[in-house]
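Peer 1: Before I ask anything, here is the structure I am working with.
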Amino acid sequence: MSEQAQVLESLRQKILEDPEVILEDQDVMRALIDANERALGGNIVDLRGIAMERLESRLDRLEDTHRSVIAAAYENLAGTNLIHNAVLRTLEPVDFNAFLNSLSGDLLEALRVSRLRLILESKEYESPSVGFDDVLSIVGPGDIDHYITAGRNITVRPVTLRQVSPASSDVYGDNADYIKSEALLKLDLGKGRLPGLLVMGAEDPHQFRPNQGTDTLIFFCNVFERAIRRWLG
C-alpha cells in the first residue's frame, strides 16, 4: 500500500508541476469528466460538463475545417505547378510540327491527361498534315461552338469542364470509349481568324467537373493561343 501511495503522490506532484500534460490529452480529460459525472449522480445537471462537450465538438469541427483548408491549399498549389510546367512545354517547340508532336508527347504528359486534340475551324476543308491525324482536326465554321454547347442556345465560355458519357468519336476516335471527362479551351487565334479549340480528355470521370475552378486553365488557354498564333500564316 505504501508503494502505491508513493506512486500516486509522485503522479500528483507531476500533474501539479505540469498540468498541461493532462489538459492536452483528450482521452484523459474525457475520462476525468466521465468520472466526475458519475460522482455527481444522474439527478444533477453538470453545466460545466455540457459546456466542455460543446467546446470539444466545436474544436473537432474546427480541426476538420483546418485539415480541409490545408488539403485544398496543397491541391491548388499542385494544380498551379502543373500548369506552369505545361506552359514551359508549350513554349519549347521551334516549329509547328514539333508543336503538334508535343500534343501527344511532352505536353500531354505535363498536363496529365489521356488525350489532347487541337481543332481548328477553316472555311476550306483541308486534311491535317500527314502524321498528325490523331492530334489535329480541321472543321467548318461554327462547329466548335456547336460542340461546346452540344447544340444548345447557351453562352460559350472560354473554358468548359464536363463529364462525358459517351465521349465523341469524332473528337477522340477509337479512344472515345475510355474518355469520361473533358476540358474544352476555346482559342482566340487573332483578328480575322476563325477560332480554335484545345480538347483535354481524361479517363477519370472526376478529373474535369463543372463545379471546378477554371482560373489556371484560363491562364494556360491564353498562353496556348498566343503560342499557336506564331505558326499560323
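To be explicit about the labels: the chains of the C-alpha cells are called A, B, and onward in the order shown, and within each one the residues are counted from 1, while ligands get numbers from 1 in the order they are shown.
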Please extract the residues of chain A with a backbone DSSP assignment of helix (DSSP H, G or I) and present them as a PyMOL selection string.
Peer 2: chain A and resi 2-17+20-23+26-40+47-91+96-102+106-111+143-149+169-178+215-229
Peer 1: Fewer than 6 positions away in the same chain doesn't count, so skip those; otherwise give me all residues within 10 Å of Gly105 (chain A), counting only C-alpha atoms, as a tab-separated table (two decimals) with all heavy atoms, in the first residue's frame.
Peer 2:
```tsv
chain	number	residue	atom	x	y	z
A	89	ARG	N	6.36	23.63	-71.48
A	89	ARG	CA	6.34	22.66	-72.59
A	89	ARG	C	5.70	23.28	-73.84
A	89	ARG	O	6.09	22.96	-74.97
A	89	ARG	CB	5.55	21.42	-72.17
A	89	ARG	CG	6.17	20.64	-71.03
A	89	ARG	CD	7.51	20.03	-71.42
A	89	ARG	NE	8.12	19.31	-70.32
A	89	ARG	CZ	8.93	19.84	-69.43
A	89	ARG	NH1	9.22	21.13	-69.51
A	89	ARG	NH2	9.46	19.12	-68.46
A	98	ALA	N	6.86	20.28	-84.48
A	98	ALA	CA	7.26	19.97	-83.11
A	98	ALA	C	6.15	20.34	-82.13
A	98	ALA	O	5.92	19.66	-81.13
A	98	ALA	CB	8.55	20.70	-82.76
A	99	PHE	N	5.46	21.44	-82.45
A	99	PHE	CA	4.35	21.89	-81.61
A	99	PHE	C	3.24	20.83	-81.60
A	99	PHE	O	2.70	20.48	-80.54
A	99	PHE	CB	3.82	23.22	-82.15
A	99	PHE	CG	2.74	23.84	-81.32
A	99	PHE	CD1	3.04	24.55	-80.17
A	99	PHE	CD2	1.41	23.72	-81.69
A	99	PHE	CE1	2.05	25.14	-79.41
A	99	PHE	CE2	0.41	24.31	-80.93
A	99	PHE	CZ	0.73	25.01	-79.78
A	116	LEU	N	-5.04	14.78	-75.92
A	116	LEU	CA	-5.09	16.18	-76.32
A	116	LEU	C	-5.42	16.24	-77.81
A	116	LEU	O	-4.87	15.47	-78.61
A	116	LEU	CB	-3.75	16.88	-76.09
A	116	LEU	CG	-3.39	17.31	-74.67
A	116	LEU	CD1	-1.99	17.92	-74.65
A	116	LEU	CD2	-4.40	18.32	-74.13
```
Peer 1: Env of region 139-145 of chain A: 7 Å cut, atoms = only C-alpha atoms, seq-sep filter 2 positions within chain, self excluded. Answer as number ranges by chain.
Peer 2: A: 120-123, 125, 137, 147-149, 156, 197
Peer 1: Take the residues just selected and output them with C-alpha atoms as a tab-separated table (two decimals), in the first residue's frame.
Peer 2:
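For reference, part_25.tsv as written:
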```tsv
chain	number	residue	atom	x	y	z
A	120	LEU	CA	-9.19	24.45	-86.00
A	121	GLU	CA	-12.02	25.97	-87.96
A	122	SER	CA	-11.49	26.72	-91.63
A	123	LYS	CA	-13.68	27.98	-94.48
A	125	TYR	CA	-11.82	21.82	-95.51
A	137	SER	CA	-8.73	18.22	-86.83
A	147	TYR	CA	-19.55	21.01	-79.94
A	148	ILE	CA	-19.02	23.11	-76.80
A	149	THR	CA	-22.73	23.83	-76.35
A	156	VAL	CA	-19.88	29.81	-74.89
A	197	LEU	CA	-10.31	24.53	-79.62
```
Peer 1: By how many Å are CA of Glu203 (chain A) and CA of Ser68 (chain A) apart?
Peer 2: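 That distance, rounded to one decimal, is 25.9 Å.
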Peer 1: Would you return as a PDB file with C-alpha atoms, in the first residue's frame the members of region 159-194 of chain A that DSSP assigns to strand (DSSP E) on this structure's backbone?
Peer 2:
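Result written to out_37.pdb:
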```pdb
ATOM      1  CA  VAL A 159     -13.175  27.072 -70.600  1.00  0.00           C
ATOM      2  CA  THR A 160     -15.821  24.367 -70.283  1.00  0.00           C
ATOM      3  CA  LEU A 161     -15.428  21.425 -67.922  1.00  0.00           C
ATOM      4  CA  ARG A 162     -17.771  18.467 -68.106  1.00  0.00           C
ATOM      5  CA  GLN A 163     -18.206  14.756 -67.719  1.00  0.00           C
ATOM      6  CA  SER A 181     -14.476  13.809 -68.686  1.00  0.00           C
ATOM      7  CA  GLU A 182     -13.071  16.666 -70.741  1.00  0.00           C
ATOM      8  CA  ALA A 183     -11.879  20.262 -70.615  1.00  0.00           C
ATOM      9  CA  LEU A 184     -12.604  22.443 -73.641  1.00  0.00           C
ATOM     10  CA  LEU A 185     -10.399  25.512 -74.112  1.00  0.00           C
ATOM     11  CA  LYS A 186     -11.684  27.827 -76.828  1.00  0.00           C
ATOM     12  CA  LEU A 187      -8.814  29.581 -78.587  1.00  0.00           C
TER      13      LEU A 187
END
```
Peer 1: So that I can check the surroundings of Arg229 (chain A), please list as a ChimeraX atom specification every protein, DNA and RNA residue that reaches within 9 Å of it, counting only C-alpha atoms and ignoring chain neighbours fewer than 4 positions away.
Peer 2: /A:189-190,224-225,233
Peer 1: Could you turn the residues from that selection into a file that holds N, CA, C and O atoms, as a PDB file, in the first residue's frame?
Peer 2:
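Output file selection_7.pdb follows:
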```
ATOM      1  N   LEU A 189      -7.568  33.018 -81.967  1.00  0.00           N
ATOM      2  CA  LEU A 189      -6.354  32.956 -82.775  1.00  0.00           C
ATOM      3  C   LEU A 189      -6.007  34.273 -83.453  1.00  0.00           C
ATOM      4  O   LEU A 189      -5.127  34.329 -84.303  1.00  0.00           O
ATOM      5  N   GLY A 190      -6.675  35.334 -83.073  1.00  0.00           N
ATOM      6  CA  GLY A 190      -6.325  36.650 -83.595  1.00  0.00           C
ATOM      7  C   GLY A 190      -7.374  37.205 -84.533  1.00  0.00           C
ATOM      8  O   GLY A 190      -8.277  36.501 -85.006  1.00  0.00           O
ATOM      9  N   PHE A 224      -1.469  29.224 -74.527  1.00  0.00           N
ATOM     10  CA  PHE A 224      -1.506  28.300 -75.667  1.00  0.00           C
ATOM     11  C   PHE A 224      -1.931  29.010 -76.945  1.00  0.00           C
ATOM     12  O   PHE A 224      -1.334  28.788 -78.011  1.00  0.00           O
ATOM     13  N   GLU A 225      -2.945  29.862 -76.865  1.00  0.00           N
ATOM     14  CA  GLU A 225      -3.409  30.527 -78.078  1.00  0.00           C
ATOM     15  C   GLU A 225      -2.367  31.519 -78.598  1.00  0.00           C
ATOM     16  O   GLU A 225      -2.239  31.699 -79.814  1.00  0.00           O
ATOM     17  N   GLY A 233      -0.202  31.188 -90.541  1.00  0.00           N
ATOM     18  CA  GLY A 233       0.051  32.216 -91.518  1.00  0.00           C
ATOM     19  C   GLY A 233      -1.217  32.969 -91.866  1.00  0.00           C
ATOM     20  O   GLY A 233      -2.301  32.644 -91.453  1.00  0.00           O
TER      21      GLY A 233
END
```
Peer 1: If we count only C-alpha atoms and set the cut-off at 9 Å, which residues sit around Ala86 (chain A), ignoring sequence neighbours fewer than 3 positions away in its own chain? Please answer as a CSV table (one decimal) with C-alpha atoms, in the first residue's frame.
Peer 2:
```
chain,number,residue,atom,x,y,z
A,81,ASN,CA,2.7,23.9,-60.6
A,82,LEU,CA,1.2,21.5,-63.2
A,83,ILE,CA,0.0,24.4,-65.3
A,89,ARG,CA,6.3,22.7,-72.6
A,90,THR,CA,4.1,24.8,-74.8
A,91,LEU,CA,6.8,27.4,-75.4
A,106,ASP,CA,5.7,16.3,-73.6
A,107,LEU,CA,2.6,18.5,-73.3
A,108,LEU,CA,0.3,15.5,-72.9
A,109,GLU,CA,2.4,14.2,-70.0
A,110,ALA,CA,2.8,17.6,-68.4
A,111,LEU,CA,-1.0,18.1,-68.3
A,220,PHE,CA,-3.0,28.2,-69.8
```
Peer 1: Could you state the separation of CA of Val171 (chain A) and CA of Ile138 (chain A) in Å, given to one decimal place?
Peer 2: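 Separation between CA of Val171 (chain A) and CA of Ile138 (chain A): 10.8 Å.
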Peer 1: For CA of Leu198 (chain A) and CA of Leu118 (chain A), quote the distance in Å rounded to one decimal.
Peer 2: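 Separation between CA of Leu198 (chain A) and CA of Leu118 (chain A): 4.7 Å.
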Peer 1: Nearest residue to Leu59 (chain A) out of A:Asn85, A:Thr214, A:Asn175, A:Gln26, using only C-alpha atoms?
Peer 2: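 Checking each of A:Asn85, A:Thr214, A:Asn175, A:Gln26 against Leu59 (chain A), counting only C-alpha atoms, the winner is A:Gln26.
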Peer 1: Under the rule that only C-alpha atoms are counted, which of A:Val135, A:Val87, A:Val199, A:Leu62 is the nearest residue to Asn101 (chain A)?
Peer 2: A:Val135
